[in-house]
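Novice: Below is a structure I'd like to ask you about.
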Amino acid sequence: MAHDLVIRGGLVVDGLGGEPRRGDVAVDGGTITAVGSVSGRGADEIDAAELLVTPGFVDIHTHYDGQATWDSSVAPSSWHGVTTAVMGNCGVGFAPVRPDAHAQLISLMEGVEDIPGAVLDEGIDWTWESFGEYLSAVERRPHEIDLCAQLPHGALRLYVMGERAARLEEATEEDAVAMRQLAQEAMEAGAIGFSTSRTLNHRTATGGHTPSLRATAHELEMIVGGVADAGHGVVELISDFWPDPEGEFAMIRNLVALTGRPLSVSLAQSHQRPESWRELLGQIEAAAAEGLPIRAQVAPRPIGLLLGLQSSFHPFSGHPSYVTIAHLPLDEQVRTMRDPSFRIRLLEESPPRSRSIIDYKRMFPLGDVPDYEPPPDRSVQSVAAALGMEPEEVALDLMLEDDGRSFLFAPFSNYADCSLDACGEMMAHPDTVFGLGDGGAHVGIIADASYPTYALAHWTRDRDHGRMGVGWMVEQLTSRTARTVGLHDRGVVAPGLRADLNVIDFDQLRCERPTMAYDLPAGGKRLVQRARGYAATIVNGSVIARDGEPTGALPGRLVRGPQGDSRGSR
């Protein structure tokens, strides 16, 4: 046999923006060795006639920090064509950590990323203290796909400052020097970057603020200075940019100017201030025009909650009558909620004040074929008005469909006008990059790790207006995200580069309906979402899935630091 693997006769989308071109792809020893016409046979061959052949997708915003230590499967991301995932975002993670601080980091991750404490407590074995030791623990377990890790500010601050960090005290100069040294050591051990959070929305399981919330500009300059001392590393940041958006961005701009390290910041459309994203993106555009490597991370669909009887929260979670049955198995809950007398009592009750944030104008049935751009007339409020019912009645009826396994979709970002037009503008901007999928996190209420499948199917094939080219979209999911975090050895279908690839039946490509699985440690639950249309996913030359089913191959590895282009160019 001339080659380990040949993908025969596919429509190759190179990952650099080019449109599909028919050809073969040969793979040997985990590397792409030929693209075009391949005469030699492969020990394994994939017939890709009429199928797309793309680079593997690179997701730069995930939270598999705990799962990666106990599970070789990096699902659900690996089900959606992702072959490299970057974890450690938003300033949360599990290293460095002192032996007496395990519970603090679990509480922080539970609160910020909605991963149950019991799951983390049982799943994590804490065989590390330093960040380098954590990387080695991840590396010891084989995985389906490649993983990169960032140094999280929350863990770093708690490690150096202890309870003073939890109380949001200002770092002393001694603290800042220690954090700088640890940041340098983490990069030298193989971290791909550093992440921090400056948002009030991120809290511990007990309601405390994330330790990095009030970190001073000097503290950040010292830490990112440590990243720069190592000679590599990116920065990921999330901020409220409120109440002083100009001052906050000036701090970020100065941080990048002083250290030279590339930085990405989360950007989404607020429903309260629907045009504010333009202001921030304009500032990023001005900074980038002056040569500062700042980009906005954006999502290709609404960011929203999945509300249902299996979820962590739904419109009736706090109603006194529901509280009395919340502990029951799902089938018993459904039977009780269908009882006319219980239904009347439930609907007459007023929800607690904290539940008043529910917005029925932007709450929709997700459906068997998930619709992430539903029209306004499909909202719970609109349907209720058309039927002469109250929105709560319609929401209850929809939740009880499919024996209580259906979900309502409640966008809280990127859907102010019940349209993705603003989202499309963000995506198309030259200073943005795809992210914010949060794979591995928000396991009871959000399932956005499927966004690569959605982006490719919806924006290039299904949307009735504003569609984008397949070549452009594949570039955003592959080489653009890869290069954003310093990975130059993947993301393009070209000889000499890493053989991470997807073979896709484009006509069949779509996200499946989310379901709730109970497969986490301690019997914990998580929302999962499969995909249709992936004929094969290949990592390091090995086929990890065929027709959406895992093969059992575990060729993924921990990626330590940035990776150069073996062909000699960057």
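Please note that chains go A, B, ... in the order of the structure tokens, that every chain numbers its residues from 1, and that ligands are numbered from 1 in the order shown.
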Could you pull the residues within 12 Å of Asp402 in chain A, counting only C-alpha atoms, minus those fewer than 5 positions along the same chain, as a PDB file with N, CA and C atoms, in the first residue's frame?
Specialist:
```pdb
ATOM      1  N   GLY A 308     -36.364  23.006  30.275  1.00  0.00           N
ATOM      2  CA  GLY A 308     -37.207  21.821  30.235  1.00  0.00           C
ATOM      3  C   GLY A 308     -37.215  21.150  31.588  1.00  0.00           C
ATOM      4  N   LEU A 309     -38.014  20.131  31.718  1.00  0.00           N
ATOM      5  CA  LEU A 309     -38.118  19.430  32.999  1.00  0.00           C
ATOM      6  C   LEU A 309     -36.825  18.726  33.378  1.00  0.00           C
ATOM      7  N   LEU A 330     -38.721  11.721  36.101  1.00  0.00           N
ATOM      8  CA  LEU A 330     -39.344  12.516  35.060  1.00  0.00           C
ATOM      9  C   LEU A 330     -40.752  12.047  34.735  1.00  0.00           C
ATOM     10  N   ASP A 331     -40.960  10.755  34.593  1.00  0.00           N
ATOM     11  CA  ASP A 331     -42.288  10.278  34.200  1.00  0.00           C
ATOM     12  C   ASP A 331     -43.335  10.607  35.256  1.00  0.00           C
ATOM     13  N   VAL A 334     -44.188  14.351  34.983  1.00  0.00           N
ATOM     14  CA  VAL A 334     -45.070  14.600  33.838  1.00  0.00           C
ATOM     15  C   VAL A 334     -46.497  14.184  34.163  1.00  0.00           C
ATOM     16  N   GLY A 367     -37.870  22.299  19.028  1.00  0.00           N
ATOM     17  CA  GLY A 367     -38.295  21.407  17.953  1.00  0.00           C
ATOM     18  C   GLY A 367     -37.409  20.198  17.774  1.00  0.00           C
ATOM     19  N   ASP A 368     -37.923  19.211  17.039  1.00  0.00           N
ATOM     20  CA  ASP A 368     -37.160  17.994  16.757  1.00  0.00           C
ATOM     21  C   ASP A 368     -35.964  18.281  15.857  1.00  0.00           C
ATOM     22  N   ASP A 397     -47.432  23.466  28.277  1.00  0.00           N
ATOM     23  CA  ASP A 397     -47.815  22.456  27.290  1.00  0.00           C
ATOM     24  C   ASP A 397     -46.617  22.025  26.448  1.00  0.00           C
ATOM     25  N   PHE A 407     -37.573  20.728  24.860  1.00  0.00           N
ATOM     26  CA  PHE A 407     -36.915  21.902  25.406  1.00  0.00           C
ATOM     27  C   PHE A 407     -37.464  23.166  24.774  1.00  0.00           C
ATOM     28  N   THR A 515     -30.372  16.118  23.928  1.00  0.00           N
ATOM     29  CA  THR A 515     -30.933  15.172  24.891  1.00  0.00           C
ATOM     30  C   THR A 515     -30.147  15.301  26.191  1.00  0.00           C
TER      31      THR A 515
END
```
Novice: Can you pull out every residue from range 313-525 of chain A that DSSP, working from the backbone, puts in strand (DSSP E), and format the result as number ranges by chain?
Specialist: A: 364-365, 408-413, 432-434, 501-504, 510-511, 515-517
Novice: Each residue of range 36-112 of chain A with at least one atom at most 10 Å from range 204-216 of chain A should appear once, together with its nearest atom pair and the corresponding distance in Å (one decimal); atoms considered: only C-alpha atoms; ordering: chain, then increasing residue number; output as JSON lines.
Specialist:
```
{"residue": "A:Cys90", "atom": "CA", "partner": "A:Ser212", "partner_atom": "CA", "distance": 9.8}
{"residue": "A:Gly91", "atom": "CA", "partner": "A:Ser212", "partner_atom": "CA", "distance": 7.4}
{"residue": "A:Val92", "atom": "CA", "partner": "A:Thr210", "partner_atom": "CA", "distance": 8.7}
{"residue": "A:Gln104", "atom": "CA", "partner": "A:Thr204", "partner_atom": "CA", "distance": 8.4}
{"residue": "A:Leu105", "atom": "CA", "partner": "A:Thr204", "partner_atom": "CA", "distance": 8.8}
{"residue": "A:Ile106", "atom": "CA", "partner": "A:Ala205", "partner_atom": "CA", "distance": 8.5}
{"residue": "A:Ser107", "atom": "CA", "partner": "A:Ala205", "partner_atom": "CA", "distance": 5.0}
{"residue": "A:Leu108", "atom": "CA", "partner": "A:Thr204", "partner_atom": "CA", "distance": 4.3}
{"residue": "A:Met109", "atom": "CA", "partner": "A:Thr204", "partner_atom": "CA", "distance": 7.1}
{"residue": "A:Glu110", "atom": "CA", "partner": "A:Ala205", "partner_atom": "CA", "distance": 5.6}
{"residue": "A:Gly111", "atom": "CA", "partner": "A:Ala205", "partner_atom": "CA", "distance": 4.0}
{"residue": "A:Val112", "atom": "CA", "partner": "A:Thr204", "partner_atom": "CA", "distance": 6.2}
```
Novice: Taking C-alpha atoms for each residue, export the selection above as an mmCIF file, in the first residue's frame.
Specialist:
```cif
data_model
loop_
_atom_site.group_PDB
_atom_site.id
_atom_site.type_symbol
_atom_site.label_atom_id
_atom_site.label_comp_id
_atom_site.auth_asym_id
_atom_site.auth_seq_id
_atom_site.Cartn_x
_atom_site.Cartn_y
_atom_site.Cartn_z
ATOM 1 C CA CYS A 90 -12.842 32.576 31.396
ATOM 2 C CA GLY A 91 -10.239 32.458 34.150
ATOM 3 C CA VAL A 92 -11.441 29.138 35.621
ATOM 4 C CA GLN A 104 -12.588 26.427 46.266
ATOM 5 C CA LEU A 105 -11.782 25.640 42.654
ATOM 6 C CA ILE A 106 -14.698 23.203 42.442
ATOM 7 C CA SER A 107 -17.047 25.879 43.796
ATOM 8 C CA LEU A 108 -15.688 28.383 41.299
ATOM 9 C CA MET A 109 -16.130 26.056 38.331
ATOM 10 C CA GLU A 110 -19.557 24.950 39.544
ATOM 11 C CA GLY A 111 -20.767 28.516 39.854
ATOM 12 C CA VAL A 112 -19.231 29.973 36.705
#
```
Novice: For a quick check of understanding, using only C-alpha atoms, which of A:Pro274, A:Gly435, A:Pro376, A:Pro245 has the smallest distance to Ala296 in chain A?
Specialist: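 Smallest distance to Ala296 in chain A is found for A:Gly435.
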Novice: How many Å separate CA of Cys511 in chain A from CA of Ala26 in chain A?
Specialist: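 Computing it gives 28.9 Å between the two atoms.
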Novice: Calculated over only C-alpha atoms, which of the candidates A:Asp565, A:Asp431, A:Glu169, A:Asp438 has the smallest distance to Gln283 in chain A?
Specialist: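 Result for the nearest residue to Gln283 in chain A: A:Asp431.
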Novice: For each of A:Gln333, A:Thr432, A:Thr324, A:Gln476, take the minimum atom-to-atom distance to Gly282 in chain A, counting only C-alpha atoms, then give the residue where this is smallest.
Specialist: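 Using only C-alpha atoms, the shortest distance to Gly282 in chain A belongs to A:Thr432.
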Novice: Env of Cys423 in chain A: 10 Å cut, atoms = only C-alpha atoms, seq-sep filter 3 positions within chain, self excluded. Answer as a list in words.
Specialist: Ala268, Gln269, Val298, Ala299, Pro300, Arg301, Pro302, Ser413, Asn414, Tyr415, Ser419, Leu420, Met426, Met427 and Ala428 of chain A
Novice: Create the file for the chosen residues now, containing C-alpha atoms and written as an mmCIF file, in the first residue's frame.
Specialist:
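out-v1.cif was written with the following content:
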```cif
data_model
loop_
_atom_site.group_PDB
_atom_site.id
_atom_site.type_symbol
_atom_site.label_atom_id
_atom_site.label_comp_id
_atom_site.auth_asym_id
_atom_site.auth_seq_id
_atom_site.Cartn_x
_atom_site.Cartn_y
_atom_site.Cartn_z
ATOM 1 C CA ALA A 268 -22.138 39.284 21.922
ATOM 2 C CA GLN A 269 -25.227 41.388 21.360
ATOM 3 C CA VAL A 298 -18.129 35.797 18.610
ATOM 4 C CA ALA A 299 -20.730 33.047 18.337
ATOM 5 C CA PRO A 300 -22.476 32.128 15.049
ATOM 6 C CA ARG A 301 -25.888 31.763 16.676
ATOM 7 C CA PRO A 302 -27.860 33.037 19.695
ATOM 8 C CA SER A 413 -27.685 37.223 23.668
ATOM 9 C CA ASN A 414 -27.419 37.751 19.897
ATOM 10 C CA TYR A 415 -31.192 37.801 19.343
ATOM 11 C CA SER A 419 -32.939 37.803 13.954
ATOM 12 C CA LEU A 420 -29.316 36.777 13.487
ATOM 13 C CA MET A 426 -20.067 40.265 13.843
ATOM 14 C CA MET A 427 -19.026 37.037 12.164
ATOM 15 C CA ALA A 428 -18.105 38.788 8.912
#
```
Novice: Using only C-alpha atoms, determine which residues lie at most 12 Å from Ala384 in chain A, disregarding the query and same-chain residues fewer than 2 positions distant; provide the list as a PyMOL selection string.
Specialist: chain A and resi 360-361+363-364+377-382+386-398
Novice: Take the residues that were just selected and, keeping N, CA and C atoms, output them as a tab-separated table (two decimals), in the first residue's frame.
Specialist:
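To be explicit, this is the file written out as again-v2.tsv:
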```
chain	number	residue	atom	x	y	z
A	360	TYR	N	-40.97	35.70	27.68
A	360	TYR	CA	-41.72	34.86	26.76
A	360	TYR	C	-41.71	35.39	25.33
A	361	LYS	N	-41.33	36.66	25.16
A	361	LYS	CA	-41.20	37.19	23.78
A	361	LYS	C	-40.03	36.55	23.06
A	363	MET	N	-38.77	33.34	23.81
A	363	MET	CA	-38.75	31.93	24.21
A	363	MET	C	-39.50	31.15	23.16
A	364	PHE	N	-38.87	30.08	22.65
A	364	PHE	CA	-39.41	29.38	21.49
A	364	PHE	C	-39.31	27.87	21.70
A	377	ASP	N	-43.14	35.17	15.38
A	377	ASP	CA	-44.49	34.63	15.56
A	377	ASP	C	-44.48	33.20	16.11
A	378	ARG	N	-43.27	32.63	16.30
A	378	ARG	CA	-43.19	31.31	16.92
A	378	ARG	C	-42.86	31.39	18.41
A	379	SER	N	-42.72	32.61	18.93
A	379	SER	CA	-42.41	32.75	20.35
A	379	SER	C	-43.58	32.27	21.19
A	380	VAL	N	-43.30	31.90	22.44
A	380	VAL	CA	-44.34	31.46	23.35
A	380	VAL	C	-45.40	32.54	23.52
A	381	GLN	N	-44.95	33.79	23.61
A	381	GLN	CA	-45.91	34.88	23.79
A	381	GLN	C	-46.80	35.04	22.57
A	382	SER	N	-46.23	34.98	21.37
A	382	SER	CA	-47.03	35.13	20.15
A	382	SER	C	-48.01	33.99	19.98
A	386	ALA	N	-52.18	34.23	19.95
A	386	ALA	CA	-52.98	33.71	18.84
A	386	ALA	C	-54.03	32.71	19.31
A	387	LEU	N	-53.71	31.98	20.40
A	387	LEU	CA	-54.62	30.96	20.91
A	387	LEU	C	-55.53	31.48	22.01
A	388	GLY	N	-55.32	32.74	22.43
A	388	GLY	CA	-56.11	33.28	23.52
A	388	GLY	C	-55.76	32.66	24.86
A	389	MET	N	-54.49	32.30	25.03
A	389	MET	CA	-54.01	31.67	26.26
A	389	MET	C	-52.98	32.57	26.92
A	390	GLU	N	-52.61	32.22	28.16
A	390	GLU	CA	-51.50	32.89	28.82
A	390	GLU	C	-50.19	32.24	28.39
A	391	PRO	N	-49.09	33.00	28.32
A	391	PRO	CA	-47.80	32.41	27.91
A	391	PRO	C	-47.39	31.24	28.80
A	392	GLU	N	-47.71	31.32	30.11
A	392	GLU	CA	-47.32	30.23	31.00
A	392	GLU	C	-48.00	28.92	30.62
A	393	GLU	N	-49.24	29.01	30.16
A	393	GLU	CA	-49.95	27.80	29.74
A	393	GLU	C	-49.29	27.16	28.53
A	394	VAL	N	-48.93	27.99	27.56
A	394	VAL	CA	-48.28	27.47	26.36
A	394	VAL	C	-46.92	26.87	26.71
A	395	ALA	N	-46.16	27.57	27.55
A	395	ALA	CA	-44.84	27.06	27.95
A	395	ALA	C	-44.98	25.70	28.62
A	396	LEU	N	-45.96	25.57	29.50
A	396	LEU	CA	-46.16	24.30	30.18
A	396	LEU	C	-46.51	23.19	29.20
A	397	ASP	N	-47.43	23.47	28.28
A	397	ASP	CA	-47.82	22.46	27.29
A	397	ASP	C	-46.62	22.03	26.45
A	398	LEU	N	-45.79	22.98	26.03
A	398	LEU	CA	-44.62	22.65	25.21
A	398	LEU	C	-43.61	21.82	25.99
```
Novice: For the contact check between range 57-167 of chain A and range 246-266 of chain A, emit one row per residue of range 57-167 of chain A within 12 Å, containing the shortest atom pair and the distance in Å rounded to one decimal, counting only C-alpha atoms, chain then rising number order, as a tab-separated table.
Specialist:
```
residue	atom	partner	partner_atom	distance
A:Ile60	CA	A:Ser264	CA	10.2
A:His61	CA	A:Ser266	CA	9.9
A:Asn89	CA	A:Ser266	CA	10.6
A:Cys90	CA	A:Ser266	CA	9.4
```
Novice: Rank A:Leu306, A:Ala191, A:Ala68, A:Leu456 by their smallest atom-to-atom distance to Gly123 in chain A, using only C-alpha atoms, and report the top residue only.
Specialist: A:Ala68
Novice: Write out as a list in words each polymer residue whose atoms come within 6 Å of His488 in chain A, counting only C-alpha atoms; drop sequence neighbours fewer than 2 positions from it.
Specialist: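 So the residues in contact are Arg483, Arg490, Gln563, Gly564 and Asp565 of chain A.
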Novice: Given only C-alpha atoms, how would the per-residue table for range 418-511 of chain A near range 85-88 of chain A read, listing every residue at most 12 Å away with its closest atom pair and distance in Å to one decimal, sorted by chain and number, as a Markdown table?
Specialist:
```
| residue | atom | partner | partner_atom | distance |
| --- | --- | --- | --- | --- |
| A:Gly435 | CA | A:Val86 | CA | 10.1 |
| A:Leu436 | CA | A:Val86 | CA | 11.1 |
| A:Gly437 | CA | A:Ala85 | CA | 10.5 |
| A:Asp438 | CA | A:Met87 | CA | 8.8 |
| A:Gly439 | CA | A:Met87 | CA | 8.7 |
| A:Gly440 | CA | A:Met87 | CA | 9.1 |
| A:Ala441 | CA | A:Met87 | CA | 10.4 |
| A:Ala449 | CA | A:Ala85 | CA | 10.6 |
| A:Leu477 | CA | A:Ala85 | CA | 11.7 |
| A:Thr478 | CA | A:Ala85 | CA | 11.3 |
| A:Thr481 | CA | A:Val86 | CA | 10.2 |
| A:Ala482 | CA | A:Ala85 | CA | 9.8 |
| A:Thr484 | CA | A:Val86 | CA | 11.1 |
| A:Val485 | CA | A:Val86 | CA | 8.6 |
| A:Gly486 | CA | A:Val86 | CA | 11.3 |
| A:Leu487 | CA | A:Val86 | CA | 10.9 |
```
Novice: Write a file of the just-selected residues containing C-alpha atoms, as an mmCIF file, in the first residue's frame.
Specialist:
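File produced: part-v3.cif:
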```cif
data_model
loop_
_atom_site.group_PDB
_atom_site.id
_atom_site.type_symbol
_atom_site.label_atom_id
_atom_site.label_comp_id
_atom_site.auth_asym_id
_atom_site.auth_seq_id
_atom_site.Cartn_x
_atom_site.Cartn_y
_atom_site.Cartn_z
ATOM 1 C CA GLY A 435 -15.673 31.004 19.838
ATOM 2 C CA LEU A 436 -17.924 30.923 22.922
ATOM 3 C CA GLY A 437 -19.203 27.373 22.408
ATOM 4 C CA ASP A 438 -18.340 26.443 26.028
ATOM 5 C CA GLY A 439 -18.023 22.710 25.328
ATOM 6 C CA GLY A 440 -17.942 20.776 28.589
ATOM 7 C CA ALA A 441 -19.686 23.523 30.581
ATOM 8 C CA ALA A 449 -20.700 23.074 21.577
ATOM 9 C CA LEU A 477 -13.747 27.140 11.728
ATOM 10 C CA THR A 478 -10.223 25.931 10.972
ATOM 11 C CA THR A 481 -9.191 29.808 14.931
ATOM 12 C CA ALA A 482 -5.993 27.734 14.851
ATOM 13 C CA THR A 484 -5.516 32.841 16.682
ATOM 14 C CA VAL A 485 -4.015 30.622 19.396
ATOM 15 C CA GLY A 486 -0.681 29.965 17.679
ATOM 16 C CA LEU A 487 -1.354 26.631 15.988
#
```
Novice: May I ask for the distance between CA of Leu135 in chain A and CA of Ile294 in chain A, given in Å to one decimal place?
Specialist: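 Computing the Euclidean distance for CA of Leu135 in chain A and CA of Ile294 in chain A yields 26.8 Å.
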Novice: Using DSSP on the backbone coordinates, identify the residues of range 339-517 of chain A assigned to alpha helix (DSSP H); present them as a ChimeraX atom specification.
Specialist: /A:340-348,380-387,391-399,401-404,421-428,451-457,470-477,479-484
Novice: List as a PyMOL selection string the protein and nucleic acid residues near range 4-18 of chain A, meaning an atom at most 8 Å away when only C-alpha atoms are counted, but skip any in the same chain fewer than 6 places from it.
Specialist: chain A and resi 24-29+38+41-55+470-476+478-479+491-494+541
Novice: Take the selection from the previous step and output its residues with N, CA and C atoms, as an mmCIF file, in the first residue's frame.
Specialist:
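For reference, part39.cif as written:
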```cif
data_model
loop_
_atom_site.group_PDB
_atom_site.id
_atom_site.type_symbol
_atom_site.label_atom_id
_atom_site.label_comp_id
_atom_site.auth_asym_id
_atom_site.auth_seq_id
_atom_site.Cartn_x
_atom_site.Cartn_y
_atom_site.Cartn_z
ATOM 1 N N ASP A 24 -8.102 14.160 -4.316
ATOM 2 C CA ASP A 24 -7.810 13.140 -3.317
ATOM 3 C C ASP A 24 -6.916 13.741 -2.237
ATOM 4 N N VAL A 25 -6.927 13.111 -1.074
ATOM 5 C CA VAL A 25 -6.027 13.502 0.011
ATOM 6 C C VAL A 25 -5.371 12.240 0.539
ATOM 7 N N ALA A 26 -4.035 12.235 0.559
ATOM 8 C CA ALA A 26 -3.285 11.094 1.084
ATOM 9 C C ALA A 26 -2.686 11.452 2.434
ATOM 10 N N VAL A 27 -2.667 10.467 3.326
ATOM 11 C CA VAL A 27 -2.175 10.664 4.689
ATOM 12 C C VAL A 27 -1.190 9.552 5.007
ATOM 13 N N ASP A 28 -0.063 9.947 5.617
ATOM 14 C CA ASP A 28 0.938 8.977 6.064
ATOM 15 C C ASP A 28 1.542 9.461 7.376
ATOM 16 N N GLY A 29 1.567 8.553 8.368
ATOM 17 C CA GLY A 29 2.204 8.891 9.634
ATOM 18 C C GLY A 29 1.607 10.097 10.322
ATOM 19 N N VAL A 38 -4.131 11.311 -6.431
ATOM 20 C CA VAL A 38 -3.291 10.344 -5.725
ATOM 21 C C VAL A 38 -3.468 8.994 -6.407
ATOM 22 N N ARG A 41 -2.617 3.420 -3.742
ATOM 23 C CA ARG A 41 -3.728 3.009 -2.890
ATOM 24 C C ARG A 41 -3.400 3.278 -1.435
ATOM 25 N N GLY A 42 -4.458 3.310 -0.612
ATOM 26 C CA GLY A 42 -4.290 3.475 0.817
ATOM 27 C C GLY A 42 -4.621 2.194 1.550
ATOM 28 N N ALA A 43 -3.939 1.940 2.667
ATOM 29 C CA ALA A 43 -4.306 0.806 3.509
ATOM 30 C C ALA A 43 -5.762 0.936 3.957
ATOM 31 N N ASP A 44 -6.186 2.175 4.107
ATOM 32 C CA ASP A 44 -7.592 2.476 4.351
ATOM 33 C C ASP A 44 -7.998 3.543 3.347
ATOM 34 N N GLU A 45 -9.158 3.379 2.737
ATOM 35 C CA GLU A 45 -9.634 4.373 1.787
ATOM 36 C C GLU A 45 -11.053 4.792 2.147
ATOM 37 N N ILE A 46 -11.316 6.085 1.986
ATOM 38 C CA ILE A 46 -12.653 6.636 2.205
ATOM 39 C C ILE A 46 -13.145 7.188 0.877
ATOM 40 N N ASP A 47 -14.286 6.694 0.433
ATOM 41 C CA ASP A 47 -14.891 7.189 -0.803
ATOM 42 C C ASP A 47 -15.627 8.483 -0.474
ATOM 43 N N ALA A 48 -15.083 9.599 -0.942
ATOM 44 C CA ALA A 48 -15.643 10.910 -0.603
ATOM 45 C C ALA A 48 -16.348 11.564 -1.784
ATOM 46 N N ALA A 49 -16.713 10.779 -2.778
ATOM 47 C CA ALA A 49 -17.406 11.358 -3.929
ATOM 48 C C ALA A 49 -18.637 12.133 -3.473
ATOM 49 N N GLU A 50 -18.735 13.379 -3.902
ATOM 50 C CA GLU A 50 -19.832 14.294 -3.556
ATOM 51 C C GLU A 50 -19.832 14.709 -2.091
ATOM 52 N N LEU A 51 -18.757 14.395 -1.360
ATOM 53 C CA LEU A 51 -18.646 14.820 0.031
ATOM 54 C C LEU A 51 -17.589 15.917 0.157
ATOM 55 N N LEU A 52 -17.746 16.761 1.172
ATOM 56 C CA LEU A 52 -16.724 17.773 1.455
ATOM 57 C C LEU A 52 -15.604 17.160 2.270
ATOM 58 N N VAL A 53 -14.376 17.594 1.982
ATOM 59 C CA VAL A 53 -13.219 17.217 2.791
ATOM 60 C C VAL A 53 -12.633 18.514 3.326
ATOM 61 N N THR A 54 -12.686 18.670 4.636
ATOM 62 C CA THR A 54 -12.239 19.914 5.255
ATOM 63 C C THR A 54 -11.172 19.635 6.296
ATOM 64 N N PRO A 55 -10.433 20.664 6.711
ATOM 65 C CA PRO A 55 -9.599 20.478 7.894
ATOM 66 C C PRO A 55 -10.489 20.197 9.104
ATOM 67 N N VAL A 470 -19.117 28.526 1.448
ATOM 68 C CA VAL A 470 -18.601 27.357 2.171
ATOM 69 C C VAL A 470 -17.116 27.514 2.460
ATOM 70 N N GLY A 471 -16.351 27.973 1.472
ATOM 71 C CA GLY A 471 -14.917 28.138 1.676
ATOM 72 C C GLY A 471 -14.600 29.122 2.780
ATOM 73 N N TRP A 472 -15.326 30.240 2.802
ATOM 74 C CA TRP A 472 -15.117 31.241 3.850
ATOM 75 C C TRP A 472 -15.456 30.676 5.220
ATOM 76 N N MET A 473 -16.579 29.978 5.309
ATOM 77 C CA MET A 473 -17.012 29.451 6.597
ATOM 78 C C MET A 473 -16.037 28.410 7.132
ATOM 79 N N VAL A 474 -15.568 27.521 6.271
ATOM 80 C CA VAL A 474 -14.602 26.514 6.713
ATOM 81 C C VAL A 474 -13.322 27.190 7.207
ATOM 82 N N GLU A 475 -12.894 28.238 6.549
ATOM 83 C CA GLU A 475 -11.717 28.976 7.014
ATOM 84 C C GLU A 475 -11.919 29.494 8.429
ATOM 85 N N GLN A 476 -13.108 30.009 8.731
ATOM 86 C CA GLN A 476 -13.367 30.541 10.074
ATOM 87 C C GLN A 476 -13.317 29.452 11.141
ATOM 88 N N THR A 478 -11.457 26.734 11.015
ATOM 89 C CA THR A 478 -10.223 25.931 10.972
ATOM 90 C C THR A 478 -8.964 26.793 11.092
ATOM 91 N N SER A 479 -8.457 27.262 9.990
ATOM 92 C CA SER A 479 -7.169 27.965 10.040
ATOM 93 C C SER A 479 -7.256 29.264 10.832
ATOM 94 N N GLY A 491 -5.306 23.006 10.452
ATOM 95 C CA GLY A 491 -6.311 23.952 9.995
ATOM 96 C C GLY A 491 -6.318 24.179 8.500
ATOM 97 N N VAL A 492 -5.437 23.493 7.757
ATOM 98 C CA VAL A 492 -5.370 23.639 6.298
ATOM 99 C C VAL A 492 -5.155 22.255 5.696
ATOM 100 N N VAL A 493 -5.834 21.981 4.587
ATOM 101 C CA VAL A 493 -5.594 20.727 3.857
ATOM 102 C C VAL A 493 -4.455 20.978 2.892
ATOM 103 N N ALA A 494 -3.246 20.623 3.309
ATOM 104 C CA ALA A 494 -2.054 20.854 2.483
ATOM 105 C C ALA A 494 -0.969 19.867 2.899
ATOM 106 N N GLY A 541 -4.254 11.488 11.537
ATOM 107 C CA GLY A 541 -4.230 10.389 10.575
ATOM 108 C C GLY A 541 -5.085 9.197 10.927
#
```
Novice: Which residues come within 10 Å of Arg467 in chain A, counting only C-alpha atoms, excluding same-chain residues fewer than 6 positions away, as a list in words?
Specialist: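 Answer for this query is Gly424, His458, Trp459, Thr460 and Arg461 of chain A.
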Novice: Taking C-alpha atoms for each residue, export the selection above as a PDB file, in the first residue's frame.
Specialist:
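result14.pdb, written as the output of this step:
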```
ATOM      1  CA  GLY A 424     -23.851  37.804  10.870  1.00  0.00           C
ATOM      2  CA  HIS A 458     -27.194  27.285   8.555  1.00  0.00           C
ATOM      3  CA  TRP A 459     -25.044  30.121   7.273  1.00  0.00           C
ATOM      4  CA  THR A 460     -23.961  28.513   3.999  1.00  0.00           C
ATOM      5  CA  ARG A 461     -27.009  26.389   3.080  1.00  0.00           C
TER       6      ARG A 461
END
```
Novice: Pick from A:Arg532, A:Arg557, A:Arg567, A:Arg278: nearest to Gly81 in chain A, with only C-alpha atoms counted?
Specialist: A:Arg532
Novice: Pick out the closest residue to Ile223 in chain A from this set: A:Leu158, A:Arg180, A:Ile238, A:Glu185. Count only C-alpha atoms.
Specialist: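 Among the listed residues, A:Arg180 lies closest to Ile223 in chain A.
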Novice: Which value, in Å to one decimal, gives the distance between CA of Glu129 in chain A and CA of Gln181 in chain A?
Specialist: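 Separating CA of Glu129 in chain A from CA of Gln181 in chain A is a distance of 15.4 Å.
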